[in-house]
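Data file: work.tsv. Format and content: TSV, C-alpha atoms and all ligand atoms.
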chain	number	residue	atom	x	y	z
A	1	GLU	CA	-0.61	7.33	25.89
A	2	LYS	CA	-0.60	3.89	24.28
A	3	GLY	CA	-4.30	3.79	25.08
A	4	GLY	CA	-4.10	0.47	26.90
A	5	TYR	CA	-2.10	-1.27	24.16
A	6	ASP	CA	1.34	-2.77	24.78
A	7	TYR	CA	2.80	-1.00	21.76
A	8	PHE	CA	2.07	2.07	19.69
A	9	MET	CA	2.03	-0.17	16.66
A	10	LEU	CA	-0.91	-2.18	18.04
A	11	LYS	CA	-2.74	1.03	18.85
A	12	GLU	CA	-2.06	2.40	15.38
A	13	ILE	CA	-3.21	-0.81	13.68
A	14	ALA	CA	-6.44	-0.60	15.68
A	15	GLU	CA	-6.91	3.06	14.73
A	16	GLN	CA	-6.99	2.27	11.02
A	17	PRO	CA	-10.76	2.27	10.48
A	18	LYS	CA	-10.93	5.76	11.97
A	19	ALA	CA	-7.85	6.96	10.09
A	20	VAL	CA	-9.38	5.79	6.82
A	21	ALA	CA	-12.75	7.38	7.60
A	22	ASP	CA	-11.08	10.65	8.67
A	23	THR	CA	-9.08	10.80	5.45
A	24	LEU	CA	-12.29	10.46	3.44
A	25	LEU	CA	-14.23	12.92	5.58
A	26	GLY	CA	-15.54	15.94	3.71
A	27	ARG	CA	-13.96	14.85	0.47
A	28	ILE	CA	-16.96	13.07	-0.99
A	29	ASP	CA	-20.14	15.12	-1.21
A	30	GLY	CA	-23.73	13.93	-0.78
A	31	SER	CA	-24.13	13.23	-4.46
A	32	GLY	CA	-21.13	10.91	-4.47
A	33	SER	CA	-18.74	13.30	-6.23
A	34	LEU	CA	-15.31	14.27	-5.01
A	35	THR	CA	-14.41	17.64	-3.61
A	36	LEU	CA	-10.73	18.08	-3.01
A	37	ASP	CA	-10.32	21.76	-2.35
A	38	GLU	CA	-6.85	21.30	-0.98
A	39	VAL	CA	-5.54	20.20	-4.35
A	40	ARG	CA	-4.66	23.69	-5.44
A	41	ILE	CA	-3.51	22.88	-8.92
A	42	PRO	CA	-6.10	24.50	-11.22
A	43	PRO	CA	-8.33	21.98	-13.06
A	44	ARG	CA	-7.16	23.63	-16.30
A	45	VAL	CA	-3.57	22.56	-15.51
A	46	LEU	CA	-4.67	19.08	-14.43
A	47	ARG	CA	-6.48	18.63	-17.74
A	48	GLU	CA	-3.24	19.28	-19.59
A	49	ILE	CA	-1.16	16.76	-17.65
A	50	ASP	CA	0.08	13.96	-19.88
A	51	LYS	CA	1.96	11.85	-17.36
A	52	VAL	CA	2.02	11.15	-13.63
A	53	VAL	CA	5.21	10.28	-11.75
A	54	ILE	CA	5.07	9.11	-8.16
A	55	VAL	CA	8.10	9.31	-5.88
A	56	ALA	CA	8.33	7.87	-2.38
A	57	CYS	CA	10.34	5.56	-0.12
A	58	GLY	CA	9.61	2.38	1.81
A	59	THR	CA	5.99	1.84	2.71
A	60	ALA	CA	4.97	5.08	0.97
A	61	PHE	CA	6.54	3.68	-2.19
A	62	HIS	CA	4.30	0.63	-1.92
A	63	ALA	CA	1.29	2.95	-1.68
A	64	GLY	CA	2.58	4.61	-4.84
A	65	MET	CA	2.84	1.27	-6.63
A	66	ILE	CA	-0.82	0.63	-5.86
A	67	ALA	CA	-1.74	4.16	-6.93
A	68	LYS	CA	-0.28	3.46	-10.36
A	69	TYR	CA	-2.91	0.78	-11.01
A	70	ALA	CA	-5.69	3.11	-9.92
A	71	ILE	CA	-4.43	6.17	-11.81
A	72	GLU	CA	-3.83	4.34	-15.06
A	73	HIS	CA	-7.14	2.52	-14.85
A	74	TRP	CA	-9.33	5.48	-13.95
A	75	THR	CA	-7.58	8.26	-15.86
A	76	ARG	CA	-5.78	6.45	-18.72
A	77	LEU	CA	-2.77	8.66	-17.97
A	78	PRO	CA	0.58	6.87	-18.01
A	79	CYS	CA	1.93	6.66	-14.47
A	80	GLU	CA	5.44	5.78	-13.31
A	81	VAL	CA	6.42	5.04	-9.74
A	82	GLU	CA	9.96	5.40	-8.61
A	83	LEU	CA	11.96	5.10	-5.44
A	84	ALA	CA	12.76	8.69	-4.55
A	85	SER	CA	16.37	7.74	-3.84
A	86	GLU	CA	16.86	6.56	-7.43
A	87	PHE	CA	14.80	9.17	-9.18
A	88	ARG	CA	16.91	12.24	-9.66
A	89	TYR	CA	20.13	10.37	-10.34
A	90	ARG	CA	18.95	9.01	-13.64
A	91	ASP	CA	17.97	12.29	-15.29
A	92	PRO	CA	14.23	11.54	-15.46
A	93	ILE	CA	12.12	13.01	-18.26
A	94	LEU	CA	9.93	15.69	-16.71
A	95	ASP	CA	8.24	18.82	-17.93
A	96	ALA	CA	5.34	21.14	-17.19
A	97	GLN	CA	2.87	18.48	-18.35
A	98	THR	CA	4.11	16.01	-15.75
A	99	LEU	CA	2.29	15.77	-12.44
A	100	VAL	CA	4.65	14.52	-9.74
A	101	ILE	CA	3.10	13.03	-6.62
A	102	ALA	CA	5.36	12.81	-3.57
A	103	ILE	CA	4.06	10.51	-0.85
A	104	SER	CA	5.47	10.81	2.65
A	105	GLN	CA	4.07	10.20	6.12
A	106	SER	CA	6.58	12.43	7.88
A	107	GLY	CA	7.00	15.04	5.16
A	108	GLU	CA	10.68	15.15	6.08
A	109	THR	CA	12.19	12.22	4.16
A	110	MET	CA	15.28	13.65	2.51
A	111	ASP	CA	15.24	11.34	-0.53
A	112	THR	CA	11.65	12.31	-1.31
A	113	LEU	CA	12.34	15.99	-0.72
A	114	MET	CA	15.31	15.97	-3.08
A	115	ALA	CA	13.24	14.18	-5.73
A	116	LEU	CA	10.46	16.75	-5.55
A	117	ARG	CA	12.92	19.64	-5.69
A	118	HIS	CA	14.41	18.11	-8.80
A	119	ALA	CA	10.94	17.76	-10.35
A	120	ARG	CA	10.06	21.38	-9.63
A	121	GLU	CA	13.33	22.54	-11.15
A	122	GLN	CA	12.22	20.81	-14.36
A	123	GLY	CA	8.95	22.75	-14.29
A	124	SER	CA	6.69	19.91	-13.11
A	125	LYS	CA	3.83	20.46	-10.69
A	126	VAL	CA	4.20	18.57	-7.43
A	127	LEU	CA	1.32	17.29	-5.33
A	128	ALA	CA	2.28	16.04	-1.86
A	129	ILE	CA	0.36	13.33	-0.03
A	130	CYS	CA	1.48	13.80	3.53
A	131	ASN	CA	0.45	13.07	7.11
A	132	THR	CA	2.32	15.86	8.88
A	133	ASN	CA	0.89	19.34	8.77
A	134	GLY	CA	3.33	22.04	7.84
A	135	SER	CA	6.27	19.67	7.25
A	136	THR	CA	8.88	20.39	4.59
A	137	ILE	CA	7.54	18.26	1.71
A	138	PRO	CA	4.07	19.87	1.60
A	139	ARG	CA	5.62	23.30	2.15
A	140	GLU	CA	7.78	22.87	-0.92
A	141	SER	CA	5.02	21.37	-3.11
A	142	ASP	CA	2.48	23.12	-5.34
A	143	ALA	CA	-0.40	21.41	-3.59
A	144	VAL	CA	-1.04	19.00	-0.76
A	145	LEU	CA	-3.58	16.41	0.16
A	146	TYR	CA	-3.20	15.59	3.83
A	147	THR	CA	-3.83	12.11	5.14
A	148	HIS	CA	-5.66	12.24	8.47
A	149	ALA	CA	-4.06	9.30	10.21
A	150	GLY	CA	-3.10	11.34	13.28
A	151	PRO	CA	0.41	11.06	14.71
A	152	GLU	CA	2.13	7.77	13.86
A	153	VAL	CA	4.69	6.93	16.54
A	154	ALA	CA	5.76	3.35	15.80
A	155	VAL	CA	8.62	3.21	13.31
A	156	ALA	CA	6.77	0.66	11.22
A	157	SER	CA	4.15	2.47	9.20
A	158	THR	CA	0.61	1.07	9.38
A	159	LYS	CA	-2.25	3.55	9.59
A	160	ALA	CA	-0.30	6.08	7.52
A	161	PHE	CA	-0.08	3.48	4.74
A	162	LEU	CA	-3.82	2.85	4.65
A	163	THR	CA	-4.53	6.57	4.56
A	164	GLN	CA	-1.93	7.07	1.82
A	165	LEU	CA	-3.86	4.51	-0.20
A	166	VAL	CA	-7.11	6.38	0.41
A	167	ALA	CA	-5.47	9.65	-0.64
A	168	CYS	CA	-4.08	8.02	-3.78
A	169	TYR	CA	-7.50	6.64	-4.71
A	170	LEU	CA	-8.99	10.10	-4.15
A	171	VAL	CA	-6.38	11.70	-6.38
A	172	ALA	CA	-6.93	9.07	-9.08
A	173	LEU	CA	-10.69	9.53	-8.95
A	174	TYR	CA	-10.35	13.31	-8.82
A	175	LEU	CA	-8.09	13.30	-11.87
A	176	GLY	CA	-10.60	11.06	-13.62
A	177	GLN	CA	-13.41	13.41	-12.65
A	178	THR	CA	-11.54	16.60	-13.63
A	179	ARG	CA	-10.32	15.23	-16.91
A	180	GLY	CA	-13.63	13.59	-17.70
A	181	THR	CA	-12.02	10.31	-18.70
A	182	LYS	CA	-13.67	7.01	-17.87
A	183	TRP	CA	-15.92	8.83	-15.44
A	184	GLY	CA	-18.67	6.32	-15.54
A	185	ASP	CA	-20.66	3.96	-13.42
A	186	GLU	CA	-17.58	2.14	-12.23
A	187	ILE	CA	-16.07	5.25	-10.70
A	188	ARG	CA	-19.33	6.18	-9.00
A	189	ALA	CA	-19.56	2.66	-7.61
A	190	VAL	CA	-15.98	2.83	-6.34
A	191	ILE	CA	-16.65	6.12	-4.57
A	192	ARG	CA	-19.59	4.43	-2.87
A	193	ASP	CA	-17.45	1.45	-1.88
A	194	LEU	CA	-14.72	3.74	-0.62
A	195	SER	CA	-17.20	5.51	1.66
A	196	SER	CA	-17.95	2.26	3.44
A	197	ILE	CA	-14.45	0.76	3.38
A	198	SER	CA	-13.55	1.69	6.95
A	199	GLY	CA	-16.23	-0.78	8.12
A	200	ALA	CA	-14.48	-3.50	6.11
A	201	VAL	CA	-11.14	-2.65	7.76
A	202	GLU	CA	-12.87	-2.86	11.14
A	203	ARG	CA	-14.26	-6.29	10.27
A	204	VAL	CA	-10.79	-7.57	9.35
A	205	LEU	CA	-9.42	-6.33	12.66
A	206	GLY	CA	-12.09	-8.33	14.45
A	207	THR	CA	-10.85	-11.60	12.94
A	208	MET	CA	-7.12	-11.42	13.66
A	209	GLU	CA	-6.74	-13.91	16.53
A	210	PRO	CA	-5.95	-16.90	14.24
A	211	VAL	CA	-3.33	-14.75	12.46
A	212	ARG	CA	-1.63	-14.01	15.78
A	213	LYS	CA	-1.73	-17.65	16.72
A	214	LEU	CA	-0.24	-18.67	13.40
A	215	ALA	CA	2.52	-16.04	13.68
A	216	ARG	CA	3.59	-17.42	17.06
A	217	THR	CA	4.10	-20.87	15.53
A	218	LEU	CA	6.51	-19.43	12.96
A	219	ALA	CA	8.81	-17.58	15.35
A	220	SER	CA	11.75	-19.89	14.72
A	221	LYS	CA	11.60	-19.75	10.92
A	222	ASP	CA	14.37	-18.02	8.95
A	223	THR	CA	12.45	-17.01	5.86
A	224	VAL	CA	8.93	-16.09	4.83
A	225	LEU	CA	7.97	-15.39	1.23
A	226	PHE	CA	5.05	-13.26	0.04
A	227	LEU	CA	3.33	-13.53	-3.32
A	228	GLY	CA	0.78	-11.31	-5.00
A	229	ARG	CA	-0.40	-10.13	-8.38
A	230	HIS	CA	-1.75	-6.84	-9.65
A	231	VAL	CA	-2.36	-4.61	-6.59
A	232	GLY	CA	-1.64	-7.67	-4.45
A	233	TYR	CA	2.00	-7.50	-5.55
A	234	PRO	CA	2.79	-4.26	-3.68
A	235	VAL	CA	0.80	-5.68	-0.76
A	236	ALA	CA	3.17	-8.67	-0.80
A	237	LEU	CA	6.16	-6.29	-0.82
A	238	GLU	CA	4.67	-4.40	2.10
A	239	GLY	CA	4.10	-7.63	4.05
A	240	ALA	CA	7.75	-8.56	3.48
A	241	LEU	CA	9.00	-5.11	4.49
A	242	LYS	CA	7.02	-5.21	7.74
A	243	LEU	CA	8.51	-8.60	8.57
A	244	LYS	CA	12.08	-7.48	7.87
A	245	GLU	CA	11.70	-4.32	9.93
A	246	LEU	CA	9.96	-5.88	12.89
A	247	ALA	CA	10.89	-9.54	13.07
A	248	TYR	CA	14.38	-9.20	11.52
A	249	MET	CA	13.56	-12.18	9.35
A	250	HIS	CA	14.49	-12.76	5.77
A	251	ALA	CA	11.34	-11.90	3.87
A	252	GLU	CA	10.78	-11.30	0.20
A	253	GLY	CA	7.79	-10.30	-1.86
A	254	PHE	CA	7.35	-11.52	-5.41
A	255	ALA	CA	4.94	-10.96	-8.25
A	256	ALA	CA	3.35	-14.40	-8.43
A	257	GLY	CA	3.78	-14.52	-12.20
A	258	GLU	CA	7.55	-14.31	-11.70
A	259	LEU	CA	7.68	-17.49	-9.62
A	260	LYS	CA	8.54	-19.74	-12.52
A	261	HIS	CA	11.25	-17.33	-13.67
A	262	GLY	CA	13.38	-18.05	-10.62
A	263	PRO	CA	11.94	-17.72	-7.13
A	264	ILE	CA	10.18	-21.10	-7.24
A	265	ALA	CA	13.65	-22.62	-6.73
A	266	LEU	CA	13.51	-21.25	-3.18
A	267	ILE	CA	10.49	-23.34	-2.24
A	268	GLU	CA	11.30	-26.15	0.15
A	269	GLU	CA	9.56	-28.31	2.70
A	270	ASP	CA	7.58	-26.27	5.27
A	271	LEU	CA	8.66	-22.84	3.97
A	272	PRO	CA	5.92	-20.37	4.91
A	273	VAL	CA	4.58	-18.58	1.84
A	274	VAL	CA	1.91	-15.92	2.21
A	275	VAL	CA	-0.24	-15.48	-0.89
A	276	VAL	CA	-2.49	-12.49	-1.47
A	277	VAL	CA	-5.29	-13.69	-3.74
A	278	PRO	CA	-7.13	-11.25	-6.01
A	279	SER	CA	-10.88	-11.27	-6.06
A	280	PRO	CA	-12.42	-14.08	-8.14
A	281	ARG	CA	-14.84	-11.48	-9.49
A	282	GLY	CA	-13.57	-8.83	-11.88
A	283	ARG	CA	-10.13	-9.88	-13.12
A	284	SER	CA	-10.86	-13.56	-12.67
A	285	VAL	CA	-7.98	-14.63	-14.92
A	286	LEU	CA	-5.54	-13.35	-12.33
A	287	HIS	CA	-7.40	-15.19	-9.62
A	288	ASP	CA	-7.21	-18.48	-11.47
A	289	LYS	CA	-3.52	-18.02	-12.20
A	290	ILE	CA	-2.68	-17.40	-8.60
A	291	VAL	CA	-4.67	-20.44	-7.53
A	292	SER	CA	-2.40	-22.49	-9.83
A	293	ASN	CA	0.64	-20.80	-8.24
A	294	ILE	CA	-0.59	-21.87	-4.82
A	295	GLN	CA	-1.00	-25.43	-6.08
A	296	GLU	CA	2.53	-25.38	-7.55
A	297	ILE	CA	4.25	-24.20	-4.41
A	298	ARG	CA	2.23	-26.50	-2.20
A	299	ALA	CA	3.15	-29.47	-4.36
A	300	ARG	CA	6.77	-28.53	-3.57
A	301	GLY	CA	6.16	-28.58	0.15
A	302	ALA	CA	5.48	-24.91	0.96
A	303	ARG	CA	3.26	-24.12	3.91
A	304	THR	CA	0.66	-21.91	2.25
A	305	ILE	CA	-0.86	-19.00	4.13
A	306	VAL	CA	-3.62	-17.72	1.89
A	307	ILE	CA	-5.34	-14.36	2.15
A	308	ALA	CA	-8.54	-14.56	0.13
A	309	GLU	CA	-11.93	-12.97	-0.16
A	310	GLU	CA	-14.89	-14.34	1.77
A	311	GLY	CA	-16.70	-16.81	-0.45
A	312	ASP	CA	-13.64	-17.68	-2.55
A	313	GLU	CA	-13.89	-21.45	-2.35
A	314	ALA	CA	-11.32	-22.26	-5.05
A	315	VAL	CA	-8.41	-21.64	-2.69
A	316	VAL	CA	-9.68	-23.83	0.12
A	317	PRO	CA	-8.10	-27.15	-0.95
A	318	TYR	CA	-4.62	-25.59	-1.22
A	319	ALA	CA	-4.53	-23.36	1.84
A	320	ASP	CA	-2.76	-24.70	4.92
A	321	HIS	CA	-3.93	-21.53	6.63
A	322	LEU	CA	-6.74	-19.40	5.29
A	323	ILE	CA	-7.19	-15.75	6.21
A	324	ARG	CA	-10.48	-14.27	5.04
A	325	ILE	CA	-10.94	-10.65	3.99
A	326	PRO	CA	-14.18	-8.90	3.02
A	327	VAL	CA	-15.31	-8.66	-0.59
A	328	THR	CA	-14.00	-5.37	-2.04
A	329	PRO	CA	-13.50	-3.98	-5.55
A	330	THR	CA	-10.17	-5.23	-6.93
A	331	LEU	CA	-8.36	-1.90	-6.76
A	332	LEU	CA	-9.40	-1.28	-3.16
A	333	GLN	CA	-8.42	-4.72	-1.89
A	334	PRO	CA	-5.04	-3.54	-0.48
A	335	LEU	CA	-6.94	-1.61	2.22
A	336	VAL	CA	-8.14	-4.86	3.71
A	337	ALA	CA	-5.43	-7.30	2.57
A	338	THR	CA	-2.58	-5.38	4.24
A	339	VAL	CA	-4.06	-5.49	7.72
A	340	PRO	CA	-3.42	-9.20	8.43
A	341	LEU	CA	0.18	-8.75	7.27
A	342	GLN	CA	0.72	-5.93	9.76
A	343	VAL	CA	-0.73	-8.04	12.58
A	344	PHE	CA	1.35	-11.02	11.45
A	345	ALA	CA	4.63	-9.06	11.52
A	346	CYS	CA	3.86	-7.39	14.83
A	347	GLU	CA	3.07	-10.71	16.50
A	348	LEU	CA	6.16	-12.39	15.08
A	349	ALA	CA	8.32	-9.53	16.35
A	350	THR	CA	6.82	-9.93	19.81
A	351	ALA	CA	7.27	-13.70	19.73
A	352	ARG	CA	10.93	-13.21	18.82
A	353	GLY	CA	11.40	-10.77	21.69
A	354	ASN	CA	12.02	-7.75	19.49
A	355	GLU	CA	11.29	-4.15	20.30
A	356	VAL	CA	8.14	-3.53	18.25
A	357	ASP	CA	7.93	0.26	18.21
A	358	GLN	CA	11.65	0.94	17.83
A	359	PRO	CA	13.20	-1.75	15.62
A	360	ARG	CA	16.98	-1.85	15.62
A	361	ASN	CA	18.89	0.40	13.20
A	362	LEU	CA	15.79	2.31	12.08
A	363	ALA	CA	14.52	5.85	12.56
A	364	LYS	CA	10.94	7.06	12.15
A	365	SER	CA	11.89	9.64	9.62
A	366	VAL	CA	14.99	9.41	7.50
A	367	THR	CA	16.27	12.95	7.17
A	368	VAL	CA	19.56	12.08	5.49
A	369	GLU	CA	20.05	10.90	1.94
A	401	LIG	O1	7.88	9.48	6.28
A	401	LIG	P1	7.90	8.73	4.97
A	401	LIG	O2	6.58	8.22	4.59
A	401	LIG	O3	8.51	9.56	3.87
A	401	LIG	O4	8.87	7.51	5.22
A	401	LIG	C1	9.22	6.63	4.18
A	401	LIG	C2	9.86	5.38	4.72
A	401	LIG	O5	11.04	5.70	5.41
A	401	LIG	C3	8.93	4.60	5.64
A	401	LIG	O6	7.73	4.26	5.01
A	401	LIG	C4	9.61	3.31	6.14
A	401	LIG	O7	9.79	2.42	5.09
A	401	LIG	C5	8.78	2.71	7.27
A	401	LIG	N1	9.61	2.39	8.40
A	401	LIG	C6	8.05	1.46	6.84
A	401	LIG	O8	7.36	0.84	7.86
Show this structure as structure tokens.
Ligand code: M6R
Amino acid sequence: EKGGYDYFMLKEIAEQPKAVADTLLGRIDGSGSLTLDEVRIPPRVLREIDKVVIVACGTAFHAGMIAKYAIEHWTRLPCEVELASEFRYRDPILDAQTLVIAISQSGETMDTLMALRHAREQGSKVLAICNTNGSTIPRESDAVLYTHAGPEVAVASTKAFLTQLVACYLVALYLGQTRGTKWGDEIRAVIRDLSSISGAVERVLGTMEPVRKLARTLASKDTVLFLGRHVGYPVALEGALKLKELAYMHAEGFAAGELKHGPIALIEEDLPVVVVVPSPRGRSVLHDKIVSNIQEIRARGARTIVIAEEGDEAVVPYADHLIRIPVTPTLLQPLVATVPLQVFACELATARGNEVDQPRNLAKSVTVE
């Protein structure tokens, strides 16, 4: 049932292009518009929303962090993202004009369920993004957008994450379309790019051998740091989470702009630091700033592992290891940038002799608070 792979995780990583394509299937019509019939919150209600709040845990929370960039950019609605376990204990400000989005692969995560119940008690509408048909979270929500990743068996979430991202982009674009805000050429172009993104994920998967090789050389390290900016920041957090879960290594993700406010003190000779580089096109200021960050940490002895777009030559002189990803619009980059980090963590776990599909102390769905 592992389809010839040693672990479910490897199988699920390989299934990502299909999972992404399946999650898009039937949701973009021939003219390039979105049709999301499953979102059963009337357009009239969606037009009156004045705030979006996303609640989720773990990897799903990282998807939510990325969704915030997309929602705010394409809809101009303020969007907050919060760990479900923190949410209801701080008396959050919610009302009927708040759209709450609960993201969960299993649909059974107790923290997320309690957060959405709290939101509904305050009169907010809840939209679930979920991978498990008929599970509790979608059952208790006002509407659901299912991700079509298929069953995810490995404890570490991979294909569910990519499909959560796709679902979040669809919701952001749908809200933009319904509300008529910023619905211009950029959005149409993004919908086009989204339709072909599974091919880009496939291409990344085809280039992972050097990443595996590199991971094996790092098996005896104690710490790996991850840096990113903009949507690359949650990607860095996700890379660090995968490494903690699977390799039981100390791993931390930072917003690259925060380096000089503290974390740069951690940099020492030969410390592996993975850097997710934003596209040099579009928000090029961010790109240039992160290139300076790479220079700074390398000057202090870090071993730089750089994930950058094809054709980005500015990073070449400062990358000890360079991992190329296809050119994608800035907001969609996490769909391709996360894949090498999953492969990296999986290979490190194997090299360290860990149980990949069932890491110690973890359960696939956390049904207690
Ligand atoms: O089923 P959910 O998406 O609600 O689960 C949330 C987290 O428990 C989950 O993403 C966890 O962080 C994974 N093990 C990450 O790989």
Sort by chain and increasing residue number a table of all residues of chain A within 6 Å of ligand LIG 401 (chain A), each with its closest pair of atoms and their distance in Å to one decimal, counting all atoms listed in the file, and write it as a tab-separated table.
residue	atom	partner	partner_atom	distance
A:Cys57	CA	A:LIG401	C1	4.6
A:Gly58	CA	A:LIG401	O7	3.3
A:Thr59	CA	A:LIG401	O6	3.8
A:Ala60	CA	A:LIG401	O6	5.0
A:Ser104	CA	A:LIG401	O2	3.4
A:Gln105	CA	A:LIG401	O2	3.5
A:Ser106	CA	A:LIG401	O1	3.6
A:Gly107	CA	A:LIG401	O1	5.7
A:Thr109	CA	A:LIG401	O3	4.5
A:Val155	CA	A:LIG401	N1	5.1
A:Ala156	CA	A:LIG401	O8	3.4
A:Ser157	CA	A:LIG401	O8	3.8
A:Ser365	CA	A:LIG401	O1	5.2
A:Val366	CA	A:LIG401	O5	5.8
Rounded to one decimal in Å, what is the spacing between atom CA of Leu165 of chain A and atom CA of Met110 of chain A?
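Spanning atom CA of Leu165 of chain A to atom CA of Met110 of chain A is a straight-line distance of 21.4 Å.
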Restricting the calculation to only C-alpha atoms, which member of A:Ile49, A:Ala63, A:Val231, A:Leu348 is positioned closest to Asp95 of chain A?
A:Ile49
Test item: residues at most 12 Å from Asp6 of chain A, all atoms listed in the file, excluding those fewer than 2 positions along its chain, as a list in words:
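So the residues in contact are Glu1, Lys2, Gly3, Gly4, Phe8, Met9, Leu10, Lys11, Glu12, Ala154, Cys346, Glu347, Thr350, Glu355, Val356 and Asp357 of chain A.
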Shell around segment 15-19 of chain A at 7 Å using all atoms listed in the file, local window under 5 positions removed, as a ChimeraX atom specification:
/A:148-149,159,163,198-199,201-202
Output of the above residues as a compact mmCIF listing (two decimals), in the coordinates of the input, restricted to C-alpha atoms:
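Contents of result38.txt, as written:
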# COMPACT_ATOMS: atom_id res chain seq x y z
CA HIS A 148 -5.66 12.24 8.47
CA ALA A 149 -4.06 9.30 10.21
CA LYS A 159 -2.25 3.55 9.59
CA THR A 163 -4.53 6.57 4.56
CA SER A 198 -13.55 1.69 6.95
CA GLY A 199 -16.23 -0.78 8.12
CA VAL A 201 -11.14 -2.65 7.76
CA GLU A 202 -12.87 -2.86 11.14
Work out how far apart atom CA of Leu241 of chain A and atom CA of Phe226 of chain A are and give it in Å to one decimal.
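Between atom CA of Leu241 of chain A and atom CA of Phe226 of chain A the gap is 10.1 Å.
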Rank A:Tyr233, A:Met208, A:Ile191, A:Leu335 by their smallest atom-to-atom distance to Gly30 of chain A, using only C-alpha atoms, and report the top residue only.
A:Ile191
Top pick for closest residue to Arg352 of chain A, considering A:Arg88, A:Lys125, A:Arg117, A:Lys221 and counting all atoms listed in the file
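Smallest separation from Arg352 of chain A among the options: A:Lys221.
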For atom CA of Tyr169 of chain A and atom CA of Ile187 of chain A, determine how far apart the two atoms are, in Å to one decimal place.
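Between atom CA of Tyr169 of chain A and atom CA of Ile187 of chain A the gap works out to 10.5 Å.
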